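Undergrad: This one is data_11.cif, mmCIF, C-alpha atoms.
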data_input
loop_
_atom_site.group_PDB
_atom_site.id
_atom_site.type_symbol
_atom_site.label_atom_id
_atom_site.label_comp_id
_atom_site.auth_asym_id
_atom_site.auth_seq_id
_atom_site.Cartn_x
_atom_site.Cartn_y
_atom_site.Cartn_z
ATOM 1 C CA MET A 1 -39.569 69.629 115.794
ATOM 2 C CA GLU A 2 -40.835 66.236 114.607
ATOM 3 C CA ASP A 3 -42.345 65.410 118.029
ATOM 4 C CA ASN A 4 -44.133 68.779 117.994
ATOM 5 C CA HIS A 5 -45.870 67.945 114.678
ATOM 6 C CA LEU A 6 -46.789 64.490 115.948
ATOM 7 C CA GLU A 7 -48.293 65.961 119.088
ATOM 8 C CA GLU A 8 -50.232 68.571 117.064
ATOM 9 C CA ALA A 9 -51.566 65.851 114.751
ATOM 10 C CA LEU A 10 -52.672 63.674 117.669
ATOM 11 C CA VAL A 11 -54.340 66.643 119.386
ATOM 12 C CA ALA A 12 -56.191 67.498 116.151
ATOM 13 C CA ILE A 13 -57.434 63.896 115.801
ATOM 14 C CA ARG A 14 -58.530 63.869 119.430
ATOM 15 C CA ARG A 15 -60.383 67.176 118.971
ATOM 16 C CA VAL A 16 -62.329 65.721 116.043
ATOM 17 C CA MET A 17 -63.167 62.643 118.101
ATOM 18 C CA ARG A 18 -64.267 64.755 121.096
ATOM 19 C CA ALA A 19 -66.314 67.128 118.926
ATOM 20 C CA THR A 20 -68.119 64.117 117.468
ATOM 21 C CA GLU A 21 -68.730 62.703 120.931
ATOM 22 C CA ILE A 22 -69.942 66.020 122.380
ATOM 23 C CA ASN A 23 -72.250 66.653 119.404
ATOM 24 C CA SER A 24 -73.694 63.137 119.616
ATOM 25 C CA LEU A 25 -74.324 63.448 123.345
ATOM 26 C CA SER A 26 -75.884 66.902 122.953
ATOM 27 C CA LEU A 27 -78.166 65.682 120.193
ATOM 28 C CA ALA A 28 -79.170 62.653 122.290
ATOM 29 C CA LYS A 29 -79.888 64.854 125.309
ATOM 30 C CA LYS A 30 -82.019 67.348 123.370
ATOM 31 C CA SER A 31 -83.814 65.011 120.962
ATOM 32 C CA GLN A 32 -83.242 61.458 122.224
ATOM 33 C CA LEU A 33 -81.739 60.675 118.798
ATOM 34 C CA THR A 34 -78.304 59.617 117.646
ATOM 35 C CA PRO A 35 -76.853 61.517 114.677
ATOM 36 C CA THR A 36 -77.603 58.488 112.490
ATOM 37 C CA GLN A 37 -81.236 58.383 113.642
ATOM 38 C CA HIS A 38 -81.475 62.147 113.091
ATOM 39 C CA ILE A 39 -80.158 61.883 109.532
ATOM 40 C CA VAL A 40 -82.482 58.980 108.682
ATOM 41 C CA LEU A 41 -85.408 60.950 110.117
ATOM 42 C CA GLN A 42 -84.396 63.951 107.974
ATOM 43 C CA ILE A 43 -84.306 61.774 104.858
ATOM 44 C CA ILE A 44 -87.779 60.426 105.629
ATOM 45 C CA ALA A 45 -89.050 63.971 106.254
ATOM 46 C CA ASN A 46 -87.648 65.181 102.924
ATOM 47 C CA LYS A 47 -89.006 62.359 100.756
ATOM 48 C CA LYS A 48 -92.573 61.194 101.243
ATOM 49 C CA HIS A 49 -93.010 57.408 100.986
ATOM 50 C CA THR A 50 -89.310 56.669 101.082
ATOM 51 C CA THR A 51 -88.078 53.092 101.431
ATOM 52 C CA PRO A 52 -85.390 51.505 103.603
ATOM 53 C CA SER A 53 -83.435 50.665 100.423
ATOM 54 C CA HIS A 54 -83.452 54.320 99.383
ATOM 55 C CA ILE A 55 -82.216 55.364 102.840
ATOM 56 C CA SER A 56 -79.483 52.729 102.708
ATOM 57 C CA TYR A 57 -78.418 53.999 99.285
ATOM 58 C CA ILE A 58 -78.384 57.661 100.360
ATOM 59 C CA THR A 59 -76.496 57.064 103.619
ATOM 60 C CA THR A 60 -74.351 54.123 102.434
ATOM 61 C CA LEU A 61 -75.345 52.332 105.627
ATOM 62 C CA ARG A 62 -75.956 48.594 105.638
ATOM 63 C CA HIS A 63 -79.547 47.375 105.411
ATOM 64 C CA THR A 64 -79.241 45.808 108.882
ATOM 65 C CA THR A 65 -78.200 49.155 110.337
ATOM 66 C CA ILE A 66 -81.070 50.931 108.588
ATOM 67 C CA ALA A 67 -83.499 48.298 109.905
ATOM 68 C CA THR A 68 -82.262 48.910 113.460
ATOM 69 C CA VAL A 69 -82.610 52.690 113.084
ATOM 70 C CA ILE A 70 -86.079 52.379 111.510
ATOM 71 C CA ASN A 71 -87.258 50.107 114.322
ATOM 72 C CA LYS A 72 -86.059 52.642 116.894
ATOM 73 C CA LEU A 73 -87.834 55.506 115.093
ATOM 74 C CA LEU A 74 -91.006 53.393 114.812
ATOM 75 C CA SER A 75 -90.934 52.484 118.507
ATOM 76 C CA ASN A 76 -90.696 56.197 119.363
ATOM 77 C CA ASP A 77 -93.642 57.013 117.044
ATOM 78 C CA LEU A 78 -91.470 59.319 114.923
ATOM 79 C CA ILE A 79 -92.248 57.504 111.668
ATOM 80 C CA THR A 80 -94.902 55.193 110.268
ATOM 81 C CA ARG A 81 -94.489 52.186 108.008
ATOM 82 C CA GLU A 82 -96.944 50.968 105.404
ATOM 83 C CA LYS A 83 -96.748 48.101 102.946
ATOM 84 C CA GLY A 84 -96.920 48.699 99.223
ATOM 85 C CA ILE A 85 -100.290 48.230 97.548
ATOM 86 C CA ASN A 86 -99.029 46.225 94.562
ATOM 87 C CA ASP A 87 -95.966 44.700 96.216
ATOM 88 C CA LYS A 88 -96.409 43.880 99.901
ATOM 89 C CA ARG A 89 -92.638 43.386 100.291
ATOM 90 C CA ILE A 90 -92.042 47.128 99.855
ATOM 91 C CA GLN A 91 -92.172 49.251 103.000
ATOM 92 C CA TYR A 92 -92.943 52.947 102.690
ATOM 93 C CA LEU A 93 -91.831 55.189 105.522
ATOM 94 C CA ASN A 94 -93.321 58.541 106.474
ATOM 95 C CA ILE A 95 -92.562 60.966 109.264
ATOM 96 C CA THR A 96 -95.164 61.655 111.952
ATOM 97 C CA GLU A 97 -96.081 64.999 113.484
ATOM 98 C CA GLN A 98 -93.981 64.020 116.513
ATOM 99 C CA GLY A 99 -91.057 63.317 114.173
ATOM 100 C CA PHE A 100 -91.338 66.786 112.668
ATOM 101 C CA LYS A 101 -91.401 68.320 116.165
ATOM 102 C CA ILE A 102 -88.231 66.438 117.130
ATOM 103 C CA LEU A 103 -86.428 67.630 113.984
ATOM 104 C CA GLU A 104 -87.495 71.240 114.572
ATOM 105 C CA SER A 105 -86.199 71.236 118.136
ATOM 106 C CA SER A 106 -82.970 69.334 117.438
ATOM 107 C CA PRO A 107 -79.593 71.032 117.141
ATOM 108 C CA ASP A 108 -77.666 70.701 113.894
ATOM 109 C CA VAL A 109 -75.643 67.561 113.539
ATOM 110 C CA LEU A 110 -71.910 68.060 113.325
ATOM 111 C CA GLN A 111 -71.657 66.917 109.741
ATOM 112 C CA ASP A 112 -74.026 69.673 108.606
ATOM 113 C CA LYS A 113 -71.523 72.193 109.964
ATOM 114 C CA PHE A 114 -68.673 70.283 108.321
ATOM 115 C CA LYS A 115 -70.530 70.085 104.994
ATOM 116 C CA GLU A 116 -71.155 73.821 104.970
ATOM 117 C CA GLN A 117 -67.488 74.664 105.588
ATOM 118 C CA PHE A 118 -66.086 71.898 103.363
ATOM 119 C CA SER A 119 -68.360 72.823 100.440
ATOM 120 C CA SER A 120 -67.055 76.389 100.478
ATOM 121 C CA LEU A 121 -63.486 75.241 99.822
ATOM 122 C CA ASN A 122 -61.838 75.090 96.410
ATOM 123 C CA ASP A 123 -61.613 71.664 94.759
ATOM 124 C CA TRP A 124 -57.877 71.436 95.408
ATOM 125 C CA GLU A 125 -58.407 72.164 99.113
ATOM 126 C CA GLN A 126 -61.135 69.532 99.358
ATOM 127 C CA SER A 127 -58.901 66.987 97.597
ATOM 128 C CA MET A 128 -56.012 67.788 99.914
ATOM 129 C CA ILE A 129 -58.164 67.314 103.029
ATOM 130 C CA VAL A 130 -59.631 64.041 101.737
ATOM 131 C CA SER A 131 -56.156 62.777 100.874
ATOM 132 C CA CYS A 132 -54.781 63.688 104.302
ATOM 133 C CA LEU A 133 -57.695 62.078 106.127
ATOM 134 C CA GLN A 134 -57.388 58.914 104.042
ATOM 135 C CA ARG A 135 -53.691 58.827 104.881
ATOM 136 C CA VAL A 136 -54.459 59.207 108.610
ATOM 137 C CA ALA A 137 -56.919 56.306 108.340
ATOM 138 C CA GLN A 138 -54.158 54.283 106.701
ATOM 139 C CA PHE A 139 -51.675 55.170 109.471
ATOM 140 C CA ILE A 140 -53.963 53.745 112.128
ATOM 141 C CA GLY A 141 -55.053 50.721 110.098
ATOM 142 C CA ALA A 142 -58.598 51.979 109.632
ATOM 143 C CA GLU A 143 -58.762 52.220 105.845
ATOM 144 C CA GLU A 144 -60.670 48.922 105.548
ATOM 145 C CA ILE A 145 -63.209 49.640 108.304
ATOM 146 C CA ASP A 146 -66.721 49.878 106.914
ATOM 147 C CA ALA A 147 -67.924 53.407 107.639
ATOM 148 C CA ALA A 148 -70.742 55.581 106.400
ATOM 149 C CA PRO A 149 -70.336 59.326 105.841
ATOM 150 C CA ILE A 150 -72.006 60.093 109.169
ATOM 151 C CA LEU A 151 -70.230 61.618 112.141
ATOM 152 C CA ASP A 152 -71.626 59.560 114.985
ATOM 153 C CA TYR A 153 -70.189 58.527 118.315
ATOM 154 C CA GLY A 154 -70.385 54.885 119.234
ATOM 155 C CA GLY A 155 -71.681 51.853 117.394
ATOM 156 C CA LEU A 156 -74.843 51.800 115.380
ATOM 157 C CA ASN A 157 -75.846 48.184 115.742
ATOM 158 C CA GLU A 158 -72.599 46.302 116.187
ATOM 159 C CA ALA A 159 -70.459 45.738 119.210
ATOM 160 C CA PRO A 160 -66.823 46.862 118.879
ATOM 161 C CA ASP A 161 -65.715 43.198 118.831
ATOM 162 C CA GLU A 162 -67.864 42.538 115.774
ATOM 163 C CA ILE A 163 -66.418 45.543 114.001
ATOM 164 C CA LEU A 164 -62.822 44.532 114.756
ATOM 165 C CA ASN A 165 -63.331 40.909 113.760
ATOM 166 C CA GLU A 166 -64.811 41.614 110.319
ATOM 167 C CA ASP A 167 -62.918 40.121 107.395
#
Take the structure from the file and write it as structure tokens.
TA:
Amino acid sequence: MEDNHLEEALVAIRRVMRATEINSLSLAKKSQLTPTQHIVLQIIANKKHTTPSHISYITTLRHTTIATVINKLLSNDLITREKGINDKRIQYLNITEQGFKILESSPDVLQDKFKEQFSSLNDWEQSMIVSCLQRVAQFIGAEEIDAAPILDYGGLNEAPDEILNED
């Protein structure tokens, strides 16, 4: 019986991993964006004159990661960047018409589906799921890995070696 539960748990973890991978690849195929790029583009679309610091705060992604994503969106002409009038160090980001078109034609990211379902649960159910997932992360030694609340497949701006060697 114990082996059966272990197998079911491993299959469930693998399904989550595969769903994340499939969603990321589908999004990339249809919009040429990663889920992280898509989410950052959504944030910029929803808040005129947003800043990289605001995006970093909202997503809990590192500033270096946000800079990489912003540069990619800029190079694809999906956003524009302008310096502040009073403080030239501030960068204001705005979405372009092309950026809006990409968002309109993109499929939902996996975490939007998760958020919708998760939000409909009772508090005790949400707490139970969070607790179980945190425990799974602990089982595999992943509780200290820096991660943002974004379901994305693959690295954002770090090679796997850099991630594993962080102290």
Undergrad: Please provide the set of residues having any atom within 10 Å of A:Gln98, restricted to all atoms listed in the file, with same-chain residues fewer than 2 positions apart removed, written as a count of residues only.
TA: 11
Undergrad: Given only C-alpha atoms as the basis, pick out the residue of A:Met128, A:His38, A:Gly84, A:Asp146 nearest to A:Lys72.
TA: A:His38
Undergrad: From the list A:Ser75, A:Gln37, A:Thr80, A:Thr64, which residue is nearest A:Thr50 when using only C-alpha atoms?
TA: A:Thr80
Undergrad: What separation in Å, quoted to one decimal, exists between atom CA of A:Lys48 and atom CA of A:Asn94?
TA: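 Atom-to-atom, atom CA of A:Lys48 and atom CA of A:Asn94 are spaced 5.9 Å apart.
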Undergrad: What does the distance between atom CA of A:Arg89 and atom CA of A:Val40 come to in Å, to one decimal place?
TA: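 Distance reported for this atom pair: 20.4 Å.
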Undergrad: Given the file shown, determine the residues that the PyMOL selection byres ((chain A and resi 105-121) around 10) selects; report them as an MDAnalysis selection string.
TA: chainID A and resid 19:24 26:36 38:39 100:104 122:127 129 149:152
Undergrad: Give me, please, the distance in Å between atom CA of A:Ala142 and atom CA of A:His5, quoted to one decimal.
TA: 21.0 Å
Undergrad: Between A:Asn4, A:Ser131, A:Thr51, A:Gln42, which residue has the minimum interatomic distance to A:Glu82, considering all atoms listed in the file?
TA: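 Using all atoms listed in the file, A:Glu82 sits closest to A:Thr51.
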Undergrad: Skipping near chain neighbours, those fewer than 6 positions away, what residues fall within 9 Å of A:Leu61 using only C-alpha atoms, listed as a list in words?
TA: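 Listed by chain and then number, they are Ile55, Ala147, Ala148 and Pro149 of chain A.
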Undergrad: Taking C-alpha atoms for each residue, export the selection above as a PDB file, in the coordinates of the input.
TA:
ATOM      1  CA  ILE A  55     -82.216  55.364 102.840  1.00  0.00           C
ATOM      2  CA  ALA A 147     -67.924  53.407 107.639  1.00  0.00           C
ATOM      3  CA  ALA A 148     -70.742  55.581 106.400  1.00  0.00           C
ATOM      4  CA  PRO A 149     -70.336  59.326 105.841  1.00  0.00           C
TER       5      PRO A 149
END
Undergrad: To verify the selection step, state as an mmCIF file with C-alpha atoms, keeping the file's coordinate frame which residues the PyMOL selection byres ((chain A and resi 67) around 12) yields on this input.
TA:
data_model
loop_
_atom_site.group_PDB
_atom_site.id
_atom_site.type_symbol
_atom_site.label_atom_id
_atom_site.label_comp_id
_atom_site.auth_asym_id
_atom_site.auth_seq_id
_atom_site.Cartn_x
_atom_site.Cartn_y
_atom_site.Cartn_z
ATOM 1 C CA GLN A 37 -81.236 58.383 113.642
ATOM 2 C CA VAL A 40 -82.482 58.980 108.682
ATOM 3 C CA THR A 51 -88.078 53.092 101.431
ATOM 4 C CA PRO A 52 -85.390 51.505 103.603
ATOM 5 C CA SER A 53 -83.435 50.665 100.423
ATOM 6 C CA ILE A 55 -82.216 55.364 102.840
ATOM 7 C CA SER A 56 -79.483 52.729 102.708
ATOM 8 C CA LEU A 61 -75.345 52.332 105.627
ATOM 9 C CA ARG A 62 -75.956 48.594 105.638
ATOM 10 C CA HIS A 63 -79.547 47.375 105.411
ATOM 11 C CA THR A 64 -79.241 45.808 108.882
ATOM 12 C CA THR A 65 -78.200 49.155 110.337
ATOM 13 C CA ILE A 66 -81.070 50.931 108.588
ATOM 14 C CA THR A 68 -82.262 48.910 113.460
ATOM 15 C CA VAL A 69 -82.610 52.690 113.084
ATOM 16 C CA ILE A 70 -86.079 52.379 111.510
ATOM 17 C CA ASN A 71 -87.258 50.107 114.322
ATOM 18 C CA LYS A 72 -86.059 52.642 116.894
ATOM 19 C CA LEU A 73 -87.834 55.506 115.093
ATOM 20 C CA LEU A 74 -91.006 53.393 114.812
ATOM 21 C CA ARG A 81 -94.489 52.186 108.008
ATOM 22 C CA GLN A 91 -92.172 49.251 103.000
ATOM 23 C CA LEU A 93 -91.831 55.189 105.522
ATOM 24 C CA LEU A 156 -74.843 51.800 115.380
ATOM 25 C CA ASN A 157 -75.846 48.184 115.742
#
Undergrad: Assuming 8 Å of padding per side, give the centre and edge lengths of the axis-aligned box around every listed atom of stretch 114-126 of chain A, in Å to one decimal and as AutoDock Vina command-line options.
TA:
--center_x -64.5 --center_y 73.0 --center_z 101.5 --size_x 29.3 --size_y 22.9 --size_z 29.6
Undergrad: Considering all atoms listed in the file, tabulate each residue of stretch 120-157 of chain A that lies at most 12 Å from stretch 9-12 of chain A along with its nearest interatomic pair and the corresponding distance in Å to one decimal; arrange the rows by chain and ascending residue number and present them as a tab-separated table.
TA:
residue	atom	partner	partner_atom	distance
A:Cys132	CA	A:Ala9	CA	11.1
A:Leu133	CA	A:Ala9	CA	11.2
A:Val136	CA	A:Ala9	CA	9.5
A:Phe139	CA	A:Leu10	CA	11.9
A:Ile140	CA	A:Leu10	CA	11.4
Undergrad: For a quick check of understanding, using only C-alpha atoms, which of A:Arg135, A:Ile90, A:Tyr153, A:Asp3 has the smallest distance to A:His49?
TA: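 Once distances to A:His49 are computed over only C-alpha atoms, the minimum belongs to A:Ile90.
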Undergrad: Save stretch 47-111 of chain A of the structure in the block above to a file, with C-alpha atoms included, as a PDB file, in the first residue's frame.
TA:
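The result, written out as selection-v1.pdb:
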ATOM      1  CA  LYS A  47      -0.419  50.036 -14.805  1.00  0.00           C
ATOM      2  CA  LYS A  48       0.608  52.943 -17.000  1.00  0.00           C
ATOM      3  CA  HIS A  49       4.131  54.239 -16.298  1.00  0.00           C
ATOM      4  CA  THR A  50       5.101  51.316 -14.116  1.00  0.00           C
ATOM      5  CA  THR A  51       8.700  50.878 -12.985  1.00  0.00           C
ATOM      6  CA  PRO A  52      11.003  47.854 -12.868  1.00  0.00           C
ATOM      7  CA  SER A  53      11.033  48.129  -9.053  1.00  0.00           C
ATOM      8  CA  HIS A  54       7.240  47.925  -8.955  1.00  0.00           C
ATOM      9  CA  ILE A  55       7.296  44.846 -11.210  1.00  0.00           C
ATOM     10  CA  SER A  56       9.954  43.237  -9.025  1.00  0.00           C
ATOM     11  CA  TYR A  57       7.839  43.925  -5.939  1.00  0.00           C
ATOM     12  CA  ILE A  58       4.639  42.548  -7.499  1.00  0.00           C
ATOM     13  CA  THR A  59       6.250  39.388  -8.901  1.00  0.00           C
ATOM     14  CA  THR A  60       8.867  38.888  -6.151  1.00  0.00           C
ATOM     15  CA  LEU A  61      11.420  38.376  -8.910  1.00  0.00           C
ATOM     16  CA  ARG A  62      14.963  39.661  -8.530  1.00  0.00           C
ATOM     17  CA  HIS A  63      15.837  42.980 -10.159  1.00  0.00           C
ATOM     18  CA  THR A  64      18.337  41.207 -12.441  1.00  0.00           C
ATOM     19  CA  THR A  65      15.610  38.870 -13.666  1.00  0.00           C
ATOM     20  CA  ILE A  66      13.234  41.777 -14.262  1.00  0.00           C
ATOM     21  CA  ALA A  67      15.973  43.620 -16.178  1.00  0.00           C
ATOM     22  CA  THR A  68      16.469  40.580 -18.426  1.00  0.00           C
ATOM     23  CA  VAL A  69      12.723  40.265 -19.071  1.00  0.00           C
ATOM     24  CA  ILE A  70      12.356  44.010 -19.735  1.00  0.00           C
ATOM     25  CA  ASN A  71      15.250  43.955 -22.202  1.00  0.00           C
ATOM     26  CA  LYS A  72      13.626  41.064 -24.067  1.00  0.00           C
ATOM     27  CA  LEU A  73      10.264  42.872 -24.210  1.00  0.00           C
ATOM     28  CA  LEU A  74      12.005  46.066 -25.380  1.00  0.00           C
ATOM     29  CA  SER A  75      13.924  44.226 -28.105  1.00  0.00           C
ATOM     30  CA  ASN A  76      10.627  42.788 -29.383  1.00  0.00           C
ATOM     31  CA  ASP A  77       9.004  46.265 -29.378  1.00  0.00           C
ATOM     32  CA  LEU A  78       6.335  45.132 -26.903  1.00  0.00           C
ATOM     33  CA  ILE A  79       7.104  47.891 -24.395  1.00  0.00           C
ATOM     34  CA  THR A  80       8.753  51.300 -24.339  1.00  0.00           C
ATOM     35  CA  ARG A  81      11.020  52.806 -21.708  1.00  0.00           C
ATOM     36  CA  GLU A  82      11.294  56.464 -20.795  1.00  0.00           C
ATOM     37  CA  LYS A  83      13.357  58.223 -18.157  1.00  0.00           C
ATOM     38  CA  GLY A  84      11.723  60.225 -15.407  1.00  0.00           C
ATOM     39  CA  ILE A  85      11.484  63.977 -15.903  1.00  0.00           C
ATOM     40  CA  ASN A  86      12.641  64.963 -12.408  1.00  0.00           C
ATOM     41  CA  ASP A  87      14.761  61.896 -11.676  1.00  0.00           C
ATOM     42  CA  LYS A  88      16.559  60.465 -14.705  1.00  0.00           C
ATOM     43  CA  ARG A  89      17.381  57.274 -12.765  1.00  0.00           C
ATOM     44  CA  ILE A  90      13.714  56.227 -12.816  1.00  0.00           C
ATOM     45  CA  GLN A  91      12.561  54.204 -15.815  1.00  0.00           C
ATOM     46  CA  TYR A  92       8.887  54.218 -16.737  1.00  0.00           C
ATOM     47  CA  LEU A  93       7.611  51.322 -18.802  1.00  0.00           C
ATOM     48  CA  ASN A  94       4.577  51.323 -21.073  1.00  0.00           C
ATOM     49  CA  ILE A  95       3.092  48.699 -23.341  1.00  0.00           C
ATOM     50  CA  THR A  96       3.027  49.247 -27.105  1.00  0.00           C
ATOM     51  CA  GLU A  97       0.200  48.472 -29.509  1.00  0.00           C
ATOM     52  CA  GLN A  98       2.126  45.343 -30.531  1.00  0.00           C
ATOM     53  CA  GLY A  99       2.323  44.348 -26.859  1.00  0.00           C
ATOM     54  CA  PHE A 100      -1.440  44.647 -26.504  1.00  0.00           C
ATOM     55  CA  LYS A 101      -1.925  42.507 -29.629  1.00  0.00           C
ATOM     56  CA  ILE A 102       0.350  39.795 -28.217  1.00  0.00           C
ATOM     57  CA  LEU A 103      -1.565  39.746 -24.916  1.00  0.00           C
ATOM     58  CA  GLU A 104      -4.923  39.542 -26.707  1.00  0.00           C
ATOM     59  CA  SER A 105      -3.830  36.578 -28.806  1.00  0.00           C
ATOM     60  CA  SER A 106      -2.003  34.711 -26.031  1.00  0.00           C
ATOM     61  CA  PRO A 107      -3.498  31.746 -24.201  1.00  0.00           C
ATOM     62  CA  ASP A 108      -3.976  31.972 -20.448  1.00  0.00           C
ATOM     63  CA  VAL A 109      -0.942  31.171 -18.390  1.00  0.00           C
ATOM     64  CA  LEU A 110      -1.244  28.123 -16.187  1.00  0.00           C
ATOM     65  CA  GLN A 111      -1.146  30.073 -12.961  1.00  0.00           C
TER      66      GLN A 111
END
